[in-house]
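What's in target_37.txt: compact mmCIF, C-alpha atoms
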# COMPACT_ATOMS: atom_id res chain seq x y z
CA MET T 1 16.27 -10.79 14.86
CA LYS T 2 19.45 -12.68 14.23
CA SER T 3 22.42 -10.74 12.94
CA ASP T 4 25.80 -9.92 14.33
CA LYS T 5 28.95 -8.11 13.43
CA LYS T 6 30.37 -11.01 11.44
CA ASP T 7 27.44 -10.54 9.00
CA ILE T 8 28.84 -7.21 7.87
CA LEU T 9 30.14 -7.82 4.37
CA GLU T 10 33.29 -6.29 3.00
CA LYS T 11 32.42 -4.44 -0.19
CA VAL T 12 34.04 -3.40 -3.42
CA SER T 13 32.79 -0.46 -5.45
CA TRP T 14 31.59 -1.15 -9.00
CA LYS T 15 30.82 1.18 -11.86
CA PRO T 16 27.17 2.25 -11.46
CA GLY T 17 25.12 -0.27 -13.48
CA ASN T 18 22.15 -2.61 -13.67
CA VAL T 19 22.70 -5.02 -10.80
CA LEU T 20 19.18 -5.24 -9.41
CA ALA T 21 18.34 -8.97 -9.31
CA PRO T 22 16.49 -11.23 -9.66
CA VAL T 23 14.24 -9.41 -12.12
CA PRO T 24 11.40 -10.89 -14.19
CA VAL T 25 12.00 -11.79 -17.82
CA VAL T 26 8.85 -11.84 -19.91
CA LEU T 27 7.61 -12.17 -23.47
CA VAL T 28 5.81 -8.99 -24.53
CA SER T 29 3.49 -9.47 -27.50
CA CYS T 30 2.25 -6.49 -29.46
CA GLY T 31 0.89 -5.33 -32.82
CA LYS T 32 -2.38 -5.93 -34.57
CA GLN T 33 -3.56 -8.48 -37.09
CA GLU T 34 -5.00 -5.75 -39.36
CA LEU T 35 -1.64 -3.96 -39.38
CA LYS T 36 0.25 -7.24 -40.02
CA ASN T 37 2.83 -6.27 -37.42
CA GLU T 38 2.25 -8.74 -34.60
CA ASN T 39 5.54 -9.31 -32.79
CA ILE T 40 7.17 -10.58 -29.59
CA ILE T 41 9.98 -8.91 -27.65
CA THR T 42 11.72 -10.21 -24.54
CA VAL T 43 11.80 -7.67 -21.72
CA ALA T 44 13.59 -7.87 -18.38
CA TRP T 45 13.23 -4.19 -17.58
CA VAL T 46 9.63 -4.79 -16.44
CA GLY T 47 7.89 -4.34 -13.10
CA THR T 48 4.69 -3.83 -11.15
CA ILE T 49 4.32 -0.15 -10.26
CA CYS T 50 0.87 0.32 -8.69
CA SER T 51 -1.54 -1.96 -6.81
CA ASP T 52 -4.78 -0.06 -7.49
CA PRO T 53 -5.30 0.61 -10.30
CA PRO T 54 -3.06 -2.33 -11.22
CA MET T 55 -0.22 -0.97 -13.32
CA VAL T 56 3.04 -2.24 -14.78
CA SER T 57 5.97 -0.73 -16.63
CA ILE T 58 8.17 -2.01 -19.45
CA ALA T 59 11.26 -0.28 -20.82
CA ILE T 60 12.29 -0.75 -24.47
CA ARG T 61 15.06 0.66 -26.68
CA PRO T 62 13.58 3.08 -29.27
CA GLU T 63 15.46 1.32 -32.07
CA ARG T 64 13.56 -1.91 -31.45
CA TYR T 65 10.74 -2.89 -33.84
CA SER T 66 8.34 -3.44 -30.91
CA TYR T 67 8.98 0.10 -29.71
CA GLU T 68 7.49 1.54 -32.90
CA ILE T 69 4.54 -0.80 -32.64
CA ILE T 70 3.74 0.02 -29.01
CA GLN T 71 4.22 3.75 -29.59
CA GLU T 72 1.59 3.45 -32.32
CA THR T 73 -0.91 1.04 -30.74
CA ARG T 74 -0.40 2.03 -27.05
CA GLU T 75 -1.06 -1.55 -25.92
CA PHE T 76 0.77 -4.82 -25.30
CA VAL T 77 0.51 -8.18 -23.52
CA ILE T 78 2.96 -9.40 -20.86
CA ASN T 79 3.18 -13.21 -21.21
CA LEU T 80 4.97 -15.06 -18.39
CA PRO T 81 7.08 -17.85 -19.87
CA SER T 82 7.66 -21.23 -18.24
CA LEU T 83 11.12 -22.72 -17.98
CA ARG T 84 10.33 -24.86 -21.05
CA HIS T 85 10.21 -21.56 -23.01
CA VAL T 86 13.63 -20.33 -21.90
CA ARG T 87 15.12 -20.83 -25.37
CA GLN T 88 12.32 -18.89 -27.08
CA THR T 89 12.61 -16.20 -24.39
CA ASP T 90 16.33 -15.77 -25.02
CA TRP T 91 15.88 -15.87 -28.80
CA CYS T 92 13.08 -13.27 -28.88
CA GLY T 93 15.51 -10.95 -27.07
CA VAL T 94 18.32 -11.23 -29.61
CA VAL T 95 16.61 -11.22 -33.04
CA SER T 96 14.44 -8.56 -34.67
CA GLY T 97 10.81 -8.94 -35.67
CA ARG T 98 11.61 -6.74 -38.67
CA THR T 99 13.23 -9.77 -40.33
CA VAL T 100 11.49 -12.83 -38.84
CA ASP T 101 8.00 -13.84 -37.75
CA LYS T 102 8.73 -14.70 -34.13
CA PHE T 103 5.35 -16.36 -33.51
CA GLN T 104 6.01 -18.74 -36.37
CA GLU T 105 9.67 -19.42 -35.60
CA CYS T 106 8.97 -20.07 -31.91
CA LYS T 107 5.92 -22.19 -32.76
CA PHE T 108 3.85 -20.00 -30.48
CA THR T 109 0.11 -19.71 -30.98
CA LYS T 110 -1.52 -16.29 -31.27
CA GLN T 111 -4.68 -16.00 -29.25
CA LYS T 112 -7.19 -13.17 -29.20
CA ALA T 113 -6.89 -10.97 -26.13
CA LEU T 114 -9.98 -10.04 -24.11
CA GLN T 115 -9.66 -6.25 -23.97
CA ILE T 116 -7.06 -5.21 -26.55
CA GLU T 117 -6.12 -6.06 -30.12
CA SER T 118 -2.56 -7.32 -29.48
CA PRO T 119 -2.34 -11.12 -29.60
CA LEU T 120 -1.41 -13.12 -26.55
CA ILE T 121 0.82 -16.23 -26.46
CA ALA T 122 -1.42 -19.24 -25.82
CA GLU T 123 1.44 -21.40 -24.49
CA CYS T 124 2.32 -19.04 -21.61
CA PRO T 125 0.59 -19.75 -18.27
CA VAL T 126 -0.19 -16.09 -17.50
CA ASN T 127 -1.21 -13.31 -19.92
CA ILE T 128 -1.48 -9.71 -18.73
CA GLU T 129 -3.16 -7.27 -21.15
CA CYS T 130 -1.96 -3.69 -20.79
CA ARG T 131 -2.91 -0.26 -22.12
CA VAL T 132 -0.21 2.45 -22.04
CA SER T 133 -0.86 5.59 -19.97
CA HIS T 134 2.55 7.33 -20.04
CA SER T 135 5.77 6.99 -22.00
CA ILE T 136 8.98 8.67 -20.86
CA PRO T 137 12.32 8.65 -22.75
CA LEU T 138 15.19 7.99 -20.32
CA GLY T 139 18.34 7.25 -22.32
CA THR T 140 18.97 3.94 -24.08
CA HIS T 141 15.43 2.96 -23.02
CA GLU T 142 12.00 4.53 -22.94
CA ILE T 143 9.63 3.48 -20.17
CA PHE T 144 5.97 2.74 -20.84
CA LEU T 145 3.67 2.90 -17.81
CA ALA T 146 0.49 0.91 -18.43
CA HIS T 147 -2.78 -0.15 -16.87
CA VAL T 148 -3.52 -3.86 -16.55
CA VAL T 149 -6.89 -4.26 -18.28
CA ALA T 150 -7.26 -8.05 -18.31
CA VAL T 151 -5.53 -11.10 -16.83
CA GLN T 152 -5.82 -14.73 -17.85
CA VAL T 153 -4.19 -17.65 -16.07
CA SER T 154 -3.95 -21.27 -17.04
CA SER T 155 -6.63 -23.40 -15.40
CA HIS T 156 -4.04 -26.19 -15.37
CA PHE T 157 -2.21 -24.47 -12.49
CA ILE T 158 -5.25 -23.76 -10.31
CA ASP T 159 -5.69 -26.26 -7.48
CA GLU T 160 -8.92 -27.70 -6.07
CA LYS T 161 -9.18 -24.76 -3.63
CA GLY T 162 -9.10 -22.27 -6.50
CA ARG T 163 -5.54 -21.09 -5.71
CA PHE T 164 -3.14 -20.37 -8.52
CA GLY T 165 0.14 -22.18 -7.89
CA LEU T 166 2.94 -19.96 -9.07
CA ASP T 167 5.44 -22.70 -8.17
CA ARG T 168 3.66 -25.15 -10.47
CA CYS T 169 4.15 -22.78 -13.46
CA LYS T 170 7.94 -23.25 -13.37
CA LEU T 171 8.67 -19.58 -13.92
CA PHE T 172 12.19 -18.22 -14.13
CA ALA T 173 14.04 -14.97 -13.49
CA TYR T 174 16.99 -12.98 -14.82
CA GLY T 175 20.01 -11.33 -13.28
CA LEU T 176 23.44 -10.12 -14.41
CA GLY T 177 23.24 -11.87 -17.80
CA HIS T 178 21.89 -15.21 -16.60
CA TYR T 179 18.56 -16.99 -16.36
CA TYR T 180 17.67 -18.67 -13.05
CA SER T 181 14.90 -21.12 -12.29
CA LEU T 182 12.61 -20.21 -9.41
CA GLY T 183 13.31 -22.35 -6.35
CA ASP T 184 11.18 -23.36 -3.39
CA MET T 185 8.48 -21.27 -1.78
CA VAL T 186 10.03 -19.94 1.43
CA ASP T 187 7.11 -18.31 3.20
CA SER T 188 4.23 -15.90 2.65
CA PHE T 189 3.85 -12.15 3.06
CA GLY T 190 3.33 -11.20 6.71
CA PHE T 191 4.85 -14.38 8.16
CA SER T 192 7.24 -12.47 10.41
CA VAL T 193 4.32 -10.97 12.30
CA ARG T 194 2.07 -14.02 12.32
CA LYS T 195 4.78 -16.31 13.71
CA LYS T 196 5.56 -13.82 16.45
CA ASP T 197 2.00 -14.20 17.78
CA LYS T 198 2.16 -17.99 17.78
CA THR T 199 5.54 -18.64 19.32
CA LYS T 200 5.84 -15.79 21.83
CA ARG T 201 9.37 -15.01 20.83
CA LYS T 202 11.16 -13.02 23.53
CA LYS T 203 12.36 -10.30 21.30
CA ARG T 204 11.70 -8.95 17.85
CA MET I 1 11.80 -24.65 -31.65
CA LYS I 2 9.82 -27.24 -29.75
CA SER I 3 6.15 -26.57 -29.20
CA ASP I 4 2.97 -28.18 -30.39
CA LYS I 5 -0.75 -27.79 -30.09
CA LYS I 6 -0.92 -29.66 -26.80
CA ASP I 7 1.10 -26.81 -25.25
CA ILE I 8 -1.81 -24.40 -25.68
CA LEU I 9 -3.10 -23.80 -22.19
CA GLU I 10 -6.75 -23.45 -21.33
CA LYS I 11 -7.25 -20.15 -19.54
CA VAL I 12 -9.55 -18.58 -17.02
CA SER I 13 -10.07 -14.84 -16.80
CA TRP I 14 -9.15 -13.12 -13.54
CA LYS I 15 -9.88 -9.64 -12.25
CA PRO I 16 -7.10 -7.35 -13.56
CA GLY I 17 -4.43 -7.33 -10.87
CA ASN I 18 -0.76 -7.63 -9.94
CA VAL I 19 0.22 -11.05 -11.23
CA LEU I 20 3.61 -10.25 -12.77
CA ALA I 21 6.08 -12.71 -11.19
CA PRO I 22 8.70 -13.39 -10.04
CA VAL I 23 9.53 -9.81 -9.05
CA PRO I 24 12.45 -8.64 -6.89
CA VAL I 25 11.88 -7.85 -3.23
CA VAL I 26 14.41 -5.44 -1.79
CA LEU I 27 15.22 -3.42 1.31
CA VAL I 28 15.20 0.29 0.50
CA SER I 29 17.08 2.41 3.01
CA CYS I 30 16.56 6.17 3.15
CA GLY I 31 16.79 9.26 5.34
CA LYS I 32 19.72 11.15 6.75
CA GLN I 33 21.63 10.99 9.99
CA GLU I 34 21.35 14.76 10.49
CA LEU I 35 17.56 14.56 10.07
CA LYS I 36 17.36 11.55 12.43
CA ASN I 37 14.94 9.85 10.04
CA GLU I 38 16.96 6.91 8.69
CA ASN I 39 14.55 4.12 7.80
CA ILE I 40 14.09 0.89 5.83
CA ILE I 41 11.10 -0.08 3.69
CA THR I 42 10.57 -3.34 1.82
CA VAL I 43 9.67 -2.80 -1.82
CA ALA I 44 8.60 -5.39 -4.42
CA TRP I 45 7.32 -2.82 -6.92
CA VAL I 46 10.90 -2.17 -8.07
CA GLY I 47 12.66 -2.63 -11.41
CA THR I 48 15.46 -1.71 -13.75
CA ILE I 49 14.20 0.80 -16.32
CA CYS I 50 17.22 1.98 -18.35
CA SER I 51 20.63 0.51 -19.20
CA ASP I 52 22.49 3.75 -19.92
CA PRO I 53 22.31 5.82 -17.87
CA PRO I 54 21.58 3.02 -15.40
CA MET I 55 18.19 3.72 -13.83
CA VAL I 56 15.72 1.96 -11.55
CA SER I 57 12.22 2.63 -10.29
CA ILE I 58 10.53 2.01 -6.96
CA ALA I 59 6.85 2.53 -6.19
CA ILE I 60 5.71 3.45 -2.68
CA ARG I 61 2.34 4.31 -1.09
CA PRO I 62 2.20 8.02 -0.16
CA GLU I 63 1.01 7.20 3.36
CA ARG I 64 4.24 5.35 4.13
CA TYR I 65 6.87 7.03 6.30
CA SER I 66 9.62 6.33 3.73
CA TYR I 67 7.56 8.09 1.06
CA GLU I 68 7.80 11.40 2.98
CA ILE I 69 11.51 10.87 3.48
CA ILE I 70 12.30 10.13 -0.17
CA GLN I 71 10.07 12.98 -1.37
CA GLU I 72 12.18 15.27 0.81
CA THR I 73 15.70 13.86 0.27
CA ARG I 74 15.26 12.61 -3.36
CA GLU I 75 17.63 9.70 -2.72
CA PHE I 76 17.60 6.10 -1.46
CA VAL I 77 19.60 2.85 -1.45
CA ILE I 78 18.34 -0.46 -2.86
CA ASN I 79 19.87 -3.23 -0.73
CA LEU I 80 19.48 -6.79 -2.08
CA PRO I 81 18.74 -9.14 0.81
CA SER I 82 19.99 -12.72 1.08
CA LEU I 83 17.66 -15.56 2.00
CA ARG I 84 18.96 -15.33 5.57
CA HIS I 85 17.30 -11.88 5.72
CA VAL I 86 13.87 -13.04 4.58
CA ARG I 87 12.36 -12.46 8.04
CA GLN I 88 13.72 -8.91 8.24
CA THR I 89 12.55 -8.30 4.66
CA ASP I 90 9.02 -9.39 5.48
CA TRP I 91 8.98 -7.47 8.74
CA CYS I 92 10.23 -4.19 7.23
CA GLY I 93 7.26 -4.43 4.86
CA VAL I 94 4.60 -4.72 7.56
CA VAL I 95 5.67 -2.31 10.33
CA SER I 96 6.14 1.45 10.19
CA GLY I 97 9.36 3.33 10.78
CA ARG I 98 7.28 6.03 12.46
CA THR I 99 7.05 3.83 15.55
CA VAL I 100 10.17 1.63 15.49
CA ASP I 101 13.85 1.95 14.58
CA LYS I 102 14.06 -0.75 11.93
CA PHE I 103 17.87 -0.75 11.74
CA GLN I 104 18.02 -1.46 15.46
CA GLU I 105 15.22 -4.02 15.58
CA CYS I 106 16.61 -5.93 12.58
CA LYS I 107 20.16 -5.72 13.95
CA PHE I 108 21.24 -4.21 10.65
CA THR I 109 24.35 -2.05 10.49
CA LYS I 110 24.17 1.41 8.92
CA GLN I 111 27.07 2.11 6.62
CA LYS I 112 27.97 5.37 4.91
CA ALA I 113 27.08 5.42 1.22
CA LEU I 114 29.61 6.58 -1.36
CA GLN I 115 27.58 9.19 -3.24
CA ILE I 116 24.52 10.01 -1.17
CA GLU I 117 23.62 10.64 2.46
CA SER I 118 21.16 7.76 2.95
CA PRO I 119 22.71 4.87 4.89
CA LEU I 120 23.19 1.49 3.30
CA ILE I 121 22.68 -1.89 4.98
CA ALA I 122 26.11 -3.44 5.58
CA GLU I 123 24.76 -7.02 5.81
CA CYS I 124 23.26 -7.02 2.29
CA PRO I 125 25.53 -8.36 -0.50
CA VAL I 126 24.61 -5.61 -2.99
CA ASN I 127 23.94 -1.91 -2.36
CA ILE I 128 22.66 0.35 -5.14
CA GLU I 129 22.71 4.09 -4.41
CA CYS I 130 20.04 6.07 -6.27
CA ARG I 131 19.12 9.68 -6.87
CA VAL I 132 15.52 10.45 -7.89
CA SER I 133 14.88 12.12 -11.26
CA HIS I 134 11.09 11.88 -11.60
CA SER I 135 8.16 11.06 -9.32
CA ILE I 136 4.71 10.30 -10.71
CA PRO I 137 1.55 9.67 -8.64
CA LEU I 138 -0.34 6.69 -10.09
CA GLY I 139 -3.03 5.61 -7.61
CA THR I 140 -2.29 3.70 -4.41
CA HIS I 141 1.40 4.10 -5.31
CA GLU I 142 3.71 6.82 -6.55
CA ILE I 143 6.61 5.79 -8.76
CA PHE I 144 10.10 7.24 -8.29
CA LEU I 145 12.43 6.99 -11.29
CA ALA I 146 16.05 7.24 -10.20
CA HIS I 147 19.62 7.21 -11.47
CA VAL I 148 22.02 4.63 -10.08
CA VAL I 149 24.95 6.71 -8.81
CA ALA I 150 27.02 4.04 -7.02
CA VAL I 151 27.09 0.26 -6.64
CA GLN I 152 28.89 -1.84 -4.06
CA VAL I 153 29.02 -5.63 -4.02
CA SER I 154 30.36 -7.99 -1.41
CA SER I 155 33.89 -9.13 -2.18
CA HIS I 156 32.92 -12.41 -0.52
CA PHE I 157 30.88 -13.34 -3.62
CA ILE I 158 33.48 -12.44 -6.24
CA ASP I 159 35.38 -15.46 -7.58
CA GLU I 160 39.05 -15.73 -8.54
CA LYS I 161 38.23 -14.55 -12.08
CA GLY I 162 36.64 -11.38 -10.75
CA ARG I 163 33.10 -12.50 -11.55
CA PHE I 164 30.30 -11.72 -9.15
CA GLY I 165 28.31 -14.89 -8.43
CA LEU I 166 24.69 -13.97 -8.10
CA ASP I 167 23.88 -17.59 -7.26
CA ARG I 168 26.29 -17.51 -4.32
CA CYS I 169 24.40 -14.54 -2.78
CA LYS I 170 21.28 -16.69 -2.16
CA LEU I 171 18.87 -14.01 -3.34
CA PHE I 172 15.13 -14.51 -3.36
CA ALA I 173 12.09 -13.23 -5.23
CA TYR I 174 8.42 -12.47 -4.65
CA GLY I 175 5.20 -13.35 -6.41
CA LEU I 176 1.47 -13.49 -5.55
CA GLY I 177 2.04 -13.09 -1.81
CA HIS I 178 4.92 -15.54 -1.42
CA TYR I 179 8.69 -15.45 -1.21
CA TYR I 180 10.66 -17.88 -3.40
CA SER I 181 14.31 -18.80 -3.26
CA LEU I 182 16.27 -18.45 -6.46
CA GLY I 183 17.03 -21.84 -8.01
CA ASP I 184 19.73 -23.01 -10.37
CA MET I 185 21.35 -20.97 -13.11
CA VAL I 186 19.78 -22.21 -16.35
CA ASP I 187 21.82 -20.48 -19.02
CA SER I 188 23.16 -17.09 -20.05
CA PHE I 189 21.82 -14.30 -22.24
CA GLY I 190 22.30 -15.09 -25.94
CA PHE I 191 22.62 -18.87 -25.48
CA SER I 192 19.92 -19.60 -28.06
CA VAL I 193 22.03 -18.02 -30.79
CA ARG I 194 25.42 -19.25 -29.61
CA LYS I 195 24.30 -22.87 -29.45
CA LYS I 196 22.84 -22.61 -32.93
CA ASP I 197 26.33 -21.84 -34.29
CA LYS I 198 27.92 -24.77 -32.51
CA THR I 199 25.44 -27.51 -33.20
CA LYS I 200 24.28 -26.60 -36.72
CA ARG I 201 20.66 -27.17 -35.91
CA LYS I 202 18.60 -27.60 -39.07
CA LYS I 203 15.95 -25.13 -38.19
CA ARG I 204 15.43 -22.25 -35.84

Would you give me this structure, written as structure tokens?
Amino acid sequence: MKSDKKDILEKVSWKPGNVLAPVPVVLVSCGKQELKNENIITVAWVGTICSDPPMVSIAIRPERYSYEIIQETREFVINLPSLRHVRQTDWCGVVSGRTVDKFQECKFTKQKALQIESPLIAECPVNIECRVSHSIPLGTHEIFLAHVVAVQVSSHFIDEKGRFGLDRCKLFAYGLGHYYSLGDMVDSFGFSVRKKDKTKRKKR
Amino acid sequence: MKSDKKDILEKVSWKPGNVLAPVPVVLVSCGKQELKNENIITVAWVGTICSDPPMVSIAIRPERYSYEIIQETREFVINLPSLRHVRQTDWCGVVSGRTVDKFQECKFTKQKALQIESPLIAECPVNIECRVSHSIPLGTHEIFLAHVVAVQVSSHFIDEKGRFGLDRCKLFAYGLGHYYSLGDMVDSFGFSVRKKDKTKRKKR
């Protein structure tokens, strides 16, 4: 593979911090209608953690309103926002649901989830319903590990071959204090091995 | 905020699975020179999990060679690859370090880390040194929670004001089996509140 000595980058040391990027930035909806505490919180400290069973994690500060709710209900929905929701995504990360109704202010529509009682955001192209299995306090944040119990995707983004086009959803990402749109699809998993077979490259 | 009923998306239910996107895709280097087991594994099940102390998680299948190594050494480096390394990133995710020397095959340069013994990849613009605090078996994957103990960034991407330009690094992301380049910077954290002050919008 291509690389040579000029590719070695000169480095400077930084204070240990959160520089992993790009990371997802998602709208987490939680709470229950009967408890009158339905809320939305923006989370960038989120990730997939297991393929089977499908599991995800989110990390939330214990002082946040949504933390109390999720500690109590042990469930939440990860809603993937489109670029058109970048303002709502930013806003739901800087104001507290203790003082405002974020669904109402963002003009988001609550929709009944399939497997849990938390509402999902109808306007988001992907909704991932999750049930908490572990919670671990770490410092400023506590991590919730959760099982994915239901997934819904917008039929609008499924093509005639039944494939879901992530690029058509206009998702975005986060890193070092900024939001970035998602660019072009570069290639697919396993391409480095598949192309080797086709082109008989001399050397890997 | 803008939104109306026509934004409600019709949904189809999918089998619960790993649809969170975009997620990071990184090169994790591990092992020790003295143990002659230095290796690289590509990980997309990775995330930031705590701001202070800064912490990250990676999830790895127990049958992977790097899993054994990290279980033993309790340390690893997250190296953020640039788009020019997308082939190496894909390849390090599909072959095993039990049978090949991935540093050599990828023409990557091992560099001494600052705080741990695992080597870092000199060609990657960001190197995050991590020490494991917890490991939790989940299913196909085991999650390692880890403290960030050192960070190095390429001086090449720091501008005259001392700011690190994530967009200049040409990072990329992963989602549903595909790699995506990172697009344009859209805005910065807190913009929805800052702009409100400036423009005196009637309603939030």

Quiz item: Using only C-alpha atoms, which chain I residues lie at most 6 Å away from chain T, written as a PyMOL selection string?
Solution: chain I and resi 1+3+7-14+16-18+22-24+45+47-50+52+54+59+87+91+106-107+122-123+139-141+148-155+177-189+192

Quiz item: So which residues fall inside 12 Å of (16.3, 15.7, 8.3) if we count all atoms listed in the file? Mind giving them as a VMD selection string?
Solution: chain I and resid 30 to 39 68 to 73 117 to 118

Quiz item: Between atom CA of T:Val100 and atom CA of T:Phe76, what is the spacing in Å?
Solution: 19.0 Å

Quiz item: Between atom CA of T:Lys170 and atom CA of I:Lys170, what is the spacing in Å?
Solution: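 For atom CA of I:Lys170 relative to atom CA of T:Lys170, the distance reads 18.6 Å.
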
Quiz item: Could you state the separation of atom CA of T:Glu75 and atom CA of T:Ser29 in Å, given to one decimal place?
Solution: 9.3 Å

Take stretch 135-149 of chain I, model N, CA, C and O atoms, and hand the result over as a PDB file, keeping the file's coordinate frame.
ATOM      1  N   SER I 135       9.135  11.794 -10.148  1.00  0.00           N
ATOM      2  CA  SER I 135       8.160  11.060  -9.320  1.00  0.00           C
ATOM      3  C   SER I 135       6.781  11.311  -9.908  1.00  0.00           C
ATOM      4  O   SER I 135       6.449  12.439 -10.282  1.00  0.00           O
ATOM      5  N   ILE I 136       6.009  10.233 -10.030  1.00  0.00           N
ATOM      6  CA  ILE I 136       4.710  10.300 -10.710  1.00  0.00           C
ATOM      7  C   ILE I 136       3.651   9.594  -9.871  1.00  0.00           C
ATOM      8  O   ILE I 136       3.734   8.384  -9.648  1.00  0.00           O
ATOM      9  N   PRO I 137       2.641  10.317  -9.397  1.00  0.00           N
ATOM     10  CA  PRO I 137       1.550   9.670  -8.640  1.00  0.00           C
ATOM     11  C   PRO I 137       0.711   8.828  -9.607  1.00  0.00           C
ATOM     12  O   PRO I 137       0.391   9.281 -10.712  1.00  0.00           O
ATOM     13  N   LEU I 138       0.384   7.592  -9.191  1.00  0.00           N
ATOM     14  CA  LEU I 138      -0.340   6.690 -10.090  1.00  0.00           C
ATOM     15  C   LEU I 138      -1.696   6.244  -9.543  1.00  0.00           C
ATOM     16  O   LEU I 138      -2.611   5.964 -10.302  1.00  0.00           O
ATOM     17  N   GLY I 139      -1.814   6.146  -8.239  1.00  0.00           N
ATOM     18  CA  GLY I 139      -3.030   5.610  -7.610  1.00  0.00           C
ATOM     19  C   GLY I 139      -2.662   5.299  -6.169  1.00  0.00           C
ATOM     20  O   GLY I 139      -2.196   6.183  -5.451  1.00  0.00           O
ATOM     21  N   THR I 140      -2.759   4.040  -5.766  1.00  0.00           N
ATOM     22  CA  THR I 140      -2.290   3.700  -4.410  1.00  0.00           C
ATOM     23  C   THR I 140      -0.796   3.976  -4.259  1.00  0.00           C
ATOM     24  O   THR I 140      -0.314   4.183  -3.154  1.00  0.00           O
ATOM     25  N   HIS I 141      -0.054   3.934  -5.350  1.00  0.00           N
ATOM     26  CA  HIS I 141       1.400   4.100  -5.310  1.00  0.00           C
ATOM     27  C   HIS I 141       1.881   5.284  -6.134  1.00  0.00           C
ATOM     28  O   HIS I 141       1.234   5.683  -7.096  1.00  0.00           O
ATOM     29  N   GLU I 142       3.030   5.813  -5.727  1.00  0.00           N
ATOM     30  CA  GLU I 142       3.710   6.820  -6.550  1.00  0.00           C
ATOM     31  C   GLU I 142       5.028   6.190  -6.991  1.00  0.00           C
ATOM     32  O   GLU I 142       5.716   5.543  -6.203  1.00  0.00           O
ATOM     33  N   ILE I 143       5.368   6.381  -8.267  1.00  0.00           N
ATOM     34  CA  ILE I 143       6.610   5.790  -8.760  1.00  0.00           C
ATOM     35  C   ILE I 143       7.727   6.838  -8.740  1.00  0.00           C
ATOM     36  O   ILE I 143       7.512   8.000  -9.119  1.00  0.00           O
ATOM     37  N   PHE I 144       8.888   6.416  -8.240  1.00  0.00           N
ATOM     38  CA  PHE I 144      10.100   7.240  -8.290  1.00  0.00           C
ATOM     39  C   PHE I 144      11.030   6.639  -9.333  1.00  0.00           C
ATOM     40  O   PHE I 144      11.391   5.455  -9.227  1.00  0.00           O
ATOM     41  N   LEU I 145      11.411   7.413 -10.332  1.00  0.00           N
ATOM     42  CA  LEU I 145      12.430   6.990 -11.290  1.00  0.00           C
ATOM     43  C   LEU I 145      13.750   7.569 -10.792  1.00  0.00           C
ATOM     44  O   LEU I 145      13.796   8.728 -10.362  1.00  0.00           O
ATOM     45  N   ALA I 146      14.812   6.782 -10.840  1.00  0.00           N
ATOM     46  CA  ALA I 146      16.050   7.240 -10.200  1.00  0.00           C
ATOM     47  C   ALA I 146      17.296   6.766 -10.948  1.00  0.00           C
ATOM     48  O   ALA I 146      17.303   5.690 -11.545  1.00  0.00           O
ATOM     49  N   HIS I 147      18.329   7.569 -10.905  1.00  0.00           N
ATOM     50  CA  HIS I 147      19.620   7.210 -11.470  1.00  0.00           C
ATOM     51  C   HIS I 147      20.428   6.424 -10.448  1.00  0.00           C
ATOM     52  O   HIS I 147      20.460   6.783  -9.277  1.00  0.00           O
ATOM     53  N   VAL I 148      21.085   5.363 -10.922  1.00  0.00           N
ATOM     54  CA  VAL I 148      22.020   4.630 -10.080  1.00  0.00           C
ATOM     55  C   VAL I 148      23.326   5.431 -10.060  1.00  0.00           C
ATOM     56  O   VAL I 148      23.928   5.658 -11.115  1.00  0.00           O
ATOM     57  N   VAL I 149      23.749   5.866  -8.882  1.00  0.00           N
ATOM     58  CA  VAL I 149      24.950   6.710  -8.810  1.00  0.00           C
ATOM     59  C   VAL I 149      26.150   6.000  -8.182  1.00  0.00           C
ATOM     60  O   VAL I 149      27.282   6.468  -8.283  1.00  0.00           O
TER      61      VAL I 149
END
